[in-house]
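K.L.:
For reference, the file data.pdb (PDB, C-alpha atoms) is included below:
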ATOM      1  CA  SER A   1      36.698 -48.167  51.499
ATOM      2  CA  CYS A   2      36.813 -45.262  53.844
ATOM      3  CA  ALA A   3      35.989 -45.976  57.480
ATOM      4  CA  CYS A   4      34.416 -42.585  58.245
ATOM      5  CA  LEU A   5      30.794 -42.415  59.405
ATOM      6  CA  LYS A   6      29.528 -40.896  56.143
ATOM      7  CA  CYS A   7      31.032 -43.658  53.963
ATOM      8  CA  SER A   8      30.030 -46.362  56.415
ATOM      9  CA  ASN A   9      26.409 -45.157  56.347
ATOM     10  CA  ALA A  10      26.501 -44.917  52.552
ATOM     11  CA  ARG A  11      27.584 -48.563  52.309
ATOM     12  CA  ARG A  12      24.964 -49.643  54.784
ATOM     13  CA  TYR A  13      21.947 -47.656  53.558
ATOM     14  CA  ASP A  14      22.518 -46.846  49.881
ATOM     15  CA  LEU A  15      24.035 -49.909  48.265
ATOM     16  CA  LEU A  16      23.319 -48.764  44.708
ATOM     17  CA  LYS A  17      25.156 -45.494  45.201
ATOM     18  CA  PHE A  18      28.034 -47.308  46.890
ATOM     19  CA  SER A  19      28.313 -49.881  44.087
ATOM     20  CA  LEU A  20      28.215 -47.202  41.395
ATOM     21  CA  SER A  21      30.839 -45.199  43.239
ATOM     22  CA  ARG A  22      33.088 -48.250  43.441
ATOM     23  CA  ILE A  23      32.623 -49.039  39.728
ATOM     24  CA  ASN A  24      33.470 -45.452  38.782
ATOM     25  CA  THR A  25      36.562 -45.515  40.997
ATOM     26  CA  TYR A  26      37.763 -48.717  39.334
ATOM     27  CA  ARG A  27      37.119 -47.172  35.896
ATOM     28  CA  GLY A  28      39.657 -44.497  36.737
ATOM     29  CA  ILE A  29      42.149 -46.887  38.310
ATOM     30  CA  ALA A  30      41.945 -49.335  35.389
ATOM     31  CA  SER A  31      43.229 -46.845  32.824
ATOM     32  CA  LYS A  32      46.625 -47.429  31.267
ATOM     33  CA  ALA A  33      47.606 -43.854  32.058
ATOM     34  CA  HIS A  34      46.937 -44.450  35.750
ATOM     35  CA  PHE A  35      49.030 -47.632  35.733
ATOM     36  CA  SER A  36      51.918 -45.826  34.077
ATOM     37  CA  LEU A  37      51.853 -42.642  36.127
ATOM     38  CA  ALA A  38      50.679 -43.679  39.579
ATOM     39  CA  SER A  39      52.688 -46.795  40.334
ATOM     40  CA  GLU A  40      56.353 -47.638  40.488
ATOM     41  CA  ASP A  41      55.730 -51.071  39.046
ATOM     42  CA  ALA A  42      52.914 -50.601  36.545
ATOM     43  CA  THR A  43      52.852 -54.193  35.345
ATOM     44  CA  LEU A  44      52.512 -55.559  38.859
ATOM     45  CA  ALA A  45      49.800 -52.976  39.600
ATOM     46  CA  ALA A  46      47.899 -54.151  36.514
ATOM     47  CA  PHE A  47      48.255 -57.798  37.597
ATOM     48  CA  ARG A  48      46.975 -56.965  41.100
ATOM     49  CA  LEU A  49      44.042 -54.954  39.792
ATOM     50  CA  GLY A  50      43.047 -57.781  37.463
ATOM     51  CA  ARG A  51      42.961 -60.194  40.390
ATOM     52  CA  GLU A  52      40.979 -57.756  42.513
ATOM     53  CA  LEU A  53      38.423 -57.177  39.748
ATOM     54  CA  ARG A  54      37.992 -60.927  39.203
ATOM     55  CA  HIS A  55      37.359 -61.272  42.944
ATOM     56  CA  LEU A  56      34.763 -58.476  42.897
ATOM     57  CA  ALA A  57      33.079 -60.014  39.848
ATOM     58  CA  ARG A  58      32.578 -63.227  41.830
ATOM     59  CA  LYS A  59      31.437 -61.319  44.907
ATOM     60  CA  GLU A  60      28.971 -58.871  43.288
ATOM     61  CA  HIS A  61      27.005 -60.920  40.775
ATOM     62  CA  GLY A  62      24.845 -58.013  39.618
ATOM     63  CA  TRP A  63      27.894 -56.020  38.520
ATOM     64  CA  LYS A  64      29.883 -58.925  37.092
ATOM     65  CA  PRO A  65      29.820 -57.708  33.439
ATOM     66  CA  GLU A  66      31.158 -54.300  34.488
ATOM     67  CA  TYR A  67      33.981 -55.791  36.559
ATOM     68  CA  ILE A  68      34.919 -58.231  33.797
ATOM     69  CA  ALA A  69      34.995 -55.351  31.290
ATOM     70  CA  LEU A  70      37.227 -53.362  33.641
ATOM     71  CA  GLU A  71      39.591 -56.326  33.958
ATOM     72  CA  SER A  72      40.391 -56.163  30.249
ATOM     73  CA  PRO A  73      42.693 -53.090  30.442
ATOM     74  CA  SER A  74      44.702 -54.757  33.203
ATOM     75  CA  GLN A  75      45.147 -57.829  30.994
ATOM     76  CA  ASP A  76      46.004 -55.614  28.012
ATOM     77  CA  TYR A  77      48.653 -53.545  29.806
ATOM     78  CA  GLY A  78      51.344 -56.220  30.111
ATOM     79  CA  PHE A  79      50.406 -57.756  26.772
ATOM     80  CA  GLU A  80      50.830 -54.441  24.963
ATOM     81  CA  LEU A  81      54.032 -53.670  26.849
ATOM     82  CA  LEU A  82      55.551 -56.889  25.512
ATOM     83  CA  GLY A  83      54.368 -55.966  22.023
ATOM     84  CA  MET A  84      56.333 -52.709  22.218
ATOM     85  CA  CYS A  85      59.647 -54.472  22.839
ATOM     86  CA  ARG A  86      62.063 -53.898  19.961
ATOM     87  CA  ASN A  87      64.902 -56.243  20.884
ATOM     88  CA  GLN A  88      65.923 -59.091  23.170
ATOM     89  CA  ASN A  89      67.318 -56.748  25.833
ATOM     90  CA  GLU A  90      63.944 -55.046  26.234
ATOM     91  CA  VAL A  91      62.136 -58.408  26.375
ATOM     92  CA  THR A  92      64.580 -59.615  29.020
ATOM     93  CA  ALA A  93      64.043 -56.428  31.036
ATOM     94  CA  VAL A  94      60.253 -56.815  30.939
ATOM     95  CA  LEU A  95      60.209 -60.537  31.767
ATOM     96  CA  ASN A  96      62.854 -60.379  34.510
ATOM     97  CA  ASP A  97      61.894 -57.066  36.101
ATOM     98  CA  LEU A  98      60.763 -57.520  39.675
ATOM     99  CA  ALA A  99      60.275 -54.675  42.124
ATOM    100  CA  GLU A 100      62.262 -54.671  45.350
ATOM    101  CA  ASP A 101      59.093 -54.579  47.463
ATOM    102  CA  SER A 102      57.802 -57.877  46.139
ATOM    103  CA  GLU A 103      57.990 -59.557  49.550
ATOM    104  CA  THR A 104      54.223 -59.168  49.856
ATOM    105  CA  GLU A 105      53.639 -60.997  46.583
ATOM    106  CA  PRO A 106      52.826 -64.680  46.296
ATOM    107  CA  LYS A 107      56.029 -66.644  46.218
ATOM    108  CA  ALA A 108      56.555 -68.949  43.301
ATOM    109  CA  GLU A 109      59.121 -71.661  43.656
ATOM    110  CA  GLY A 110      62.449 -70.306  42.475
ATOM    111  CA  LEU A 111      61.164 -66.746  42.000
ATOM    112  CA  GLY A 112      64.077 -64.483  41.186
ATOM    113  CA  LEU A 113      66.541 -67.322  40.747
ATOM    114  CA  ALA A 114      68.019 -68.519  37.494
ATOM    115  CA  PHE A 115      66.911 -71.925  36.253
ATOM    116  CA  GLU A 116      70.462 -72.634  35.196
ATOM    117  CA  GLU A 117      73.579 -70.590  34.711
ATOM    118  CA  GLY A 118      73.000 -68.030  31.963
ATOM    119  CA  ILE A 119      69.242 -68.555  31.711
ATOM    120  CA  PRO A 120      67.119 -65.647  32.982
ATOM    121  CA  SER A 121      64.763 -66.192  35.906
ATOM    122  CA  LEU A 122      61.661 -64.823  34.139
ATOM    123  CA  ALA A 123      60.347 -63.546  37.474
ATOM    124  CA  ARG A 124      57.741 -61.307  35.849
ATOM    125  CA  LEU A 125      56.481 -64.211  33.777
ATOM    126  CA  GLN A 126      56.166 -66.335  36.913
ATOM    127  CA  LEU A 127      54.146 -63.565  38.552
ATOM    128  CA  ALA A 128      51.912 -63.400  35.474
ATOM    129  CA  VAL A 129      51.201 -67.100  35.880
ATOM    130  CA  ASN A 130      50.443 -66.616  39.604
ATOM    131  CA  TYR A 131      48.083 -63.722  38.804
ATOM    132  CA  ASN A 132      46.347 -65.685  36.024
ATOM    133  CA  GLN A 133      47.368 -63.202  33.314
ATOM    134  CA  LYS A 134      46.673 -65.507  30.392
ATOM    135  CA  ARG A 135      47.155 -62.958  27.621
ATOM    136  CA  PHE A 136      50.588 -61.956  28.963
ATOM    137  CA  VAL A 137      51.736 -65.576  29.217
ATOM    138  CA  ALA A 138      50.272 -66.458  25.806
ATOM    139  CA  HIS A 139      51.966 -63.513  24.074
ATOM    140  CA  PRO A 140      54.067 -64.750  21.124
ATOM    141  CA  ILE A 141      57.185 -63.115  22.589
ATOM    142  CA  CYS A 142      56.751 -64.998  25.906
ATOM    143  CA  GLN A 143      56.171 -68.213  24.044
ATOM    144  CA  GLN A 144      59.272 -67.635  21.914
ATOM    145  CA  VAL A 145      61.393 -67.011  25.014
ATOM    146  CA  LEU A 146      60.016 -70.141  26.687
ATOM    147  CA  SER A 147      60.596 -72.300  23.628
ATOM    148  CA  SER A 148      64.161 -71.007  23.288
ATOM    149  CA  ILE A 149      64.878 -72.001  26.908
TER     150      ILE A 149
END
Starting from the coordinates I provided, produce the structure as structure tokens.
P.N.:
Amino acid sequence: SCACLKCSNARRYDLLKFSLSRINTYRGIASKAHFSLASEDATLAAFRLGRELRHLARKEHGWKPEYIALESPSQDYGFELLGMCRNQNEVTAVLNDLAEDSETEPKAEGLGLAFEEGIPSLARLQLAVNYNQKRFVAHPICQQVLSSI
């Protein structure tokens, strides 16, 4: 939210217009094209947006169905990315990829460290669990990797 006087007054005096403006902004941000083009780490951006939309759905009860519907593309992004993997190297890259600026992210125990010698850390999968990305974690490829470990 902008802190200028015009936006501040809009939030204070015209709540319907403000809520509709916020919904429309999230509609644009929740597109797969926006994830892919506007962020360095598109999967992490999708995870963050999903969490933010869940929070807004709890906060603004009247707009809950809209926020829940907007959360779906953020859940789909990582799920579909895993579905596009053609070999084990690509799966490993998706599940272990972790941006360098992840210091602001919730820390999971052992994040970025190998479980044992030769076993990948699955840092992205751990983040998916932290961000409650159930579809990503339940993807058959994730489950196959977990069962093989």
K.L.:
How far is it from CA of Arg12 in chain A to CA of Gly62 in chain A, in Å with one decimal?
P.N.:
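That distance, rounded to one decimal, is 17.3 Å.
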K.L.:
How many Å lie between CA of Ser147 in chain A and CA of Ala128 in chain A, rounded to one decimal?
P.N.:
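About the pair CA of Ser147 in chain A and CA of Ala128 in chain A: they are 17.2 Å apart.
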K.L.:
So what do you get for CA of Ser36 in chain A versus CA of Ala93 in chain A, distance-wise?
P.N.:
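Computed distance, CA of Ser36 in chain A to CA of Ala93 in chain A, equals 16.4 Å.
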K.L.:
Go through A:Ala45, A:Ile23, A:Ala10, A:Leu81 and flag the residue nearest Glu66 in chain A, using all atoms listed in the file for the distances.
P.N.:
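The closest residue to Glu66 in chain A is A:Ile23.
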K.L.:
So, counting all atoms listed in the file, which residue among A:Gln75, A:Glu60, A:Ile141, A:Gln133 is closest to Asn87 in chain A?
P.N.:
A:Ile141
K.L.:
Mind telling me what the PyMOL selection byres ((chain A and resi 135) around 10) catches here, as a list in words?
P.N.:
Ser72, Gln75, Asp76, Tyr77, Gly78, Phe79, Glu80, Ala128, Asn132, Gln133, Lys134, Phe136, Val137, Ala138, His139, Pro140 and Cys142 of chain A
K.L.:
In terms of the shortest atom-to-atom distance over all atoms listed in the file, which of A:Met84, A:Leu49, A:Leu95, A:Leu5 is closest to Tyr67 in chain A?
P.N.:
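Among the listed residues, A:Leu49 lies closest to Tyr67 in chain A.
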